[in-house]
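S.K.: This is the structure I have questions about; it appears just below.
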Amino acid sequence: MNPIEWLFDAQLVIGDQVILWREIVGNLFGLASALGGLRRKVWAWPVGIVGNALLFTVFLGAVFDTPNPVNLLGQAGRQLMFIAVSIYGWVRWSQHRHVSANAVEPRWASARARILLGVALVGGTLVLTPVFRALGSFEPVWADAWIFMGSLLATWGMAKGWTEFWLIWVAVDIVGVPLLISAGYYASALLYVFYGAFTIFGFFTWMRVQRLTSETAPGRAPATPPS
């Protein structure tokens, strides 16, 4: 059995619960990607893509005949979205690295961008909820749609270098933990709890970077504080 076949079939049994190792490994790649994003490293994007590919197979339980037959279409769909947006972020950060020591310079989104982010999060959730329900996603479907939209916007915000993207992840994690527990994806739920604390730390880290950059760059206007 080659490593890929082993990873696809390997299971961790805890009591009466069966957890796929690729769910654990996929989330660990996601954690590594988040750490890379915190440090503004370009390698965060390709590492995240590997985790996304693994988790895509996990969240389509009925399709891939896994021990957990629950389909979370928003969770699965967001992995494909992650891959697409991550390619954009990978290219964008790689280009910026040629003109700066860091792959991105954290900054606040404009007031207009914040409004658009909020409208897109709520509006996208309302639009996708009936779509995911019609496709047979796990209830409550609105939570799956919320996670999908929040993940899309947070990843886009990270690619743009907006510090607010960390707060969008907090909103995703708050909804994601109870949904994943109810659906039986315990490894992912546990990682979401950790992500929640990590994203708050990441938000304040990027804020500090912004402040130090504005203080040390001569002639540079100070960053606009969040309203």
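All residue names refer to the structure tokens as shown: chains lettered A, B, ... in order, residues numbered from 1 in each chain, ligands numbered from 1 in order.
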Just the residues within 10 Å of Val127 of chain A, please, counting only C-alpha atoms, with nothing from its chain fewer than 4 positions along; format it as a list of chain:residue names.

M.R.: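 Surrounding residues, per the criterion: A:Val122, A:Gly123, A:Val131, A:Phe132, A:Trp142, A:Ala145.
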
S.K.: Pull C-alpha atoms from the residues just selected and write them as a PDB file, in the first residue's frame.

M.R.:
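Output file selection.pdb is given in full below:
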ATOM      1  CA  VAL A 122     -24.913  38.094   5.004  1.00  0.00           C
ATOM      2  CA  GLY A 123     -26.228  38.225   1.432  1.00  0.00           C
ATOM      3  CA  VAL A 131     -28.982  26.027  -2.724  1.00  0.00           C
ATOM      4  CA  PHE A 132     -27.096  23.882  -0.202  1.00  0.00           C
ATOM      5  CA  TRP A 142     -27.435  28.365   6.972  1.00  0.00           C
ATOM      6  CA  ALA A 145     -23.447  28.615   3.972  1.00  0.00           C
TER       7      ALA A 145
END

S.K.: I'd like the neighbourhood of segment 149-155 of chain A as an mmCIF file with N, CA and C atoms, in the first residue's frame, where a residue qualifies if any of its atoms comes within 6 Å (using only C-alpha atoms), though same-chain residues fewer than 3 positions away should be ignored.

M.R.:
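The new file part21.cif reads:
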data_model
loop_
_atom_site.group_PDB
_atom_site.id
_atom_site.type_symbol
_atom_site.label_atom_id
_atom_site.label_comp_id
_atom_site.auth_asym_id
_atom_site.auth_seq_id
_atom_site.Cartn_x
_atom_site.Cartn_y
_atom_site.Cartn_z
ATOM 1 N N LEU A 121 -21.141 38.818 3.160
ATOM 2 C CA LEU A 121 -21.238 37.713 4.108
ATOM 3 C C LEU A 121 -22.694 37.350 4.383
ATOM 4 N N TRP A 146 -22.868 30.064 5.832
ATOM 5 C CA TRP A 146 -22.127 31.135 6.524
ATOM 6 C C TRP A 146 -20.631 30.839 6.530
ATOM 7 N N MET A 158 -7.130 38.103 3.246
ATOM 8 C CA MET A 158 -5.735 37.769 3.528
ATOM 9 C C MET A 158 -4.875 38.040 2.299
ATOM 10 N N PHE A 165 -9.280 40.506 7.989
ATOM 11 C CA PHE A 165 -9.603 39.127 7.594
ATOM 12 C C PHE A 165 -9.555 38.183 8.795
ATOM 13 N N ILE A 168 -12.955 38.042 10.405
ATOM 14 C CA ILE A 168 -13.912 37.225 9.650
ATOM 15 C C ILE A 168 -13.731 35.757 10.023
ATOM 16 N N VAL A 172 -16.371 32.918 11.473
ATOM 17 C CA VAL A 172 -16.507 31.575 10.897
ATOM 18 C C VAL A 172 -16.379 30.517 11.982
#

S.K.: Give me the residues near Pro106 of chain A as a ChimeraX atom specification, where near means some atom within 6 Å (using only C-alpha atoms) and where sequence neighbours in that chain fewer than 3 positions away do not count.

M.R.: /A:161-163,210

S.K.: Using only C-alpha atoms, which residue out of A:Gly36, A:Gly196, A:Gly136, A:Gly26 lies closest to Leu167 of chain A?

M.R.: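 Comparing A:Gly36, A:Gly196, A:Gly136, A:Gly26 against Leu167 of chain A, the winner is A:Gly196.
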
S.K.: Given only C-alpha atoms as the basis, pick out the residue of A:Ala32, A:Phe148, A:Ala120, A:Arg92 nearest to Gln79 of chain A.

M.R.: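 Closest to Gln79 of chain A of all the choices is A:Phe148.
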
S.K.: When distances are computed from only C-alpha atoms, which of A:Leu35, A:Leu128, A:Gly30, A:Ala171 shows the smallest separation from Ile83 of chain A?

M.R.: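 Using only C-alpha atoms, Ile83 of chain A sits closest to A:Gly30.
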
S.K.: As a PyMOL selection string, please: all residues of segment 11-220 of chain A that backbone DSSP puts in alpha helix (DSSP H).

M.R.: chain A and resi 21-38+44-59+73-97+111-134+141-160+165-183+186-216

S.K.: Figure out the distance between atom CA of Trp43 of chain A and atom CA of Ser94 of chain A, please, to one decimal in Å.

M.R.: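 Result for atom CA of Ser94 of chain A versus atom CA of Trp43 of chain A: 9.4 Å, one decimal.
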
S.K.: Just how far from atom CA of Ala189 of chain A is atom CA of Val141 of chain A, in Å to one decimal?

M.R.: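 Computed distance, atom CA of Val141 of chain A to atom CA of Ala189 of chain A, equals 16.7 Å.
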
S.K.: Compile the contact shell of Leu28 of chain A as a count of residues only: residues with an atom at most 9 Å away, counting only C-alpha atoms, same-chain residues fewer than 4 positions apart removed.

M.R.: 6

S.K.: To one decimal in Å, tell me the separation between atom CA of Leu190 of chain A and atom CA of Trp21 of chain A.

M.R.: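 These atoms are spaced 14.0 Å apart.
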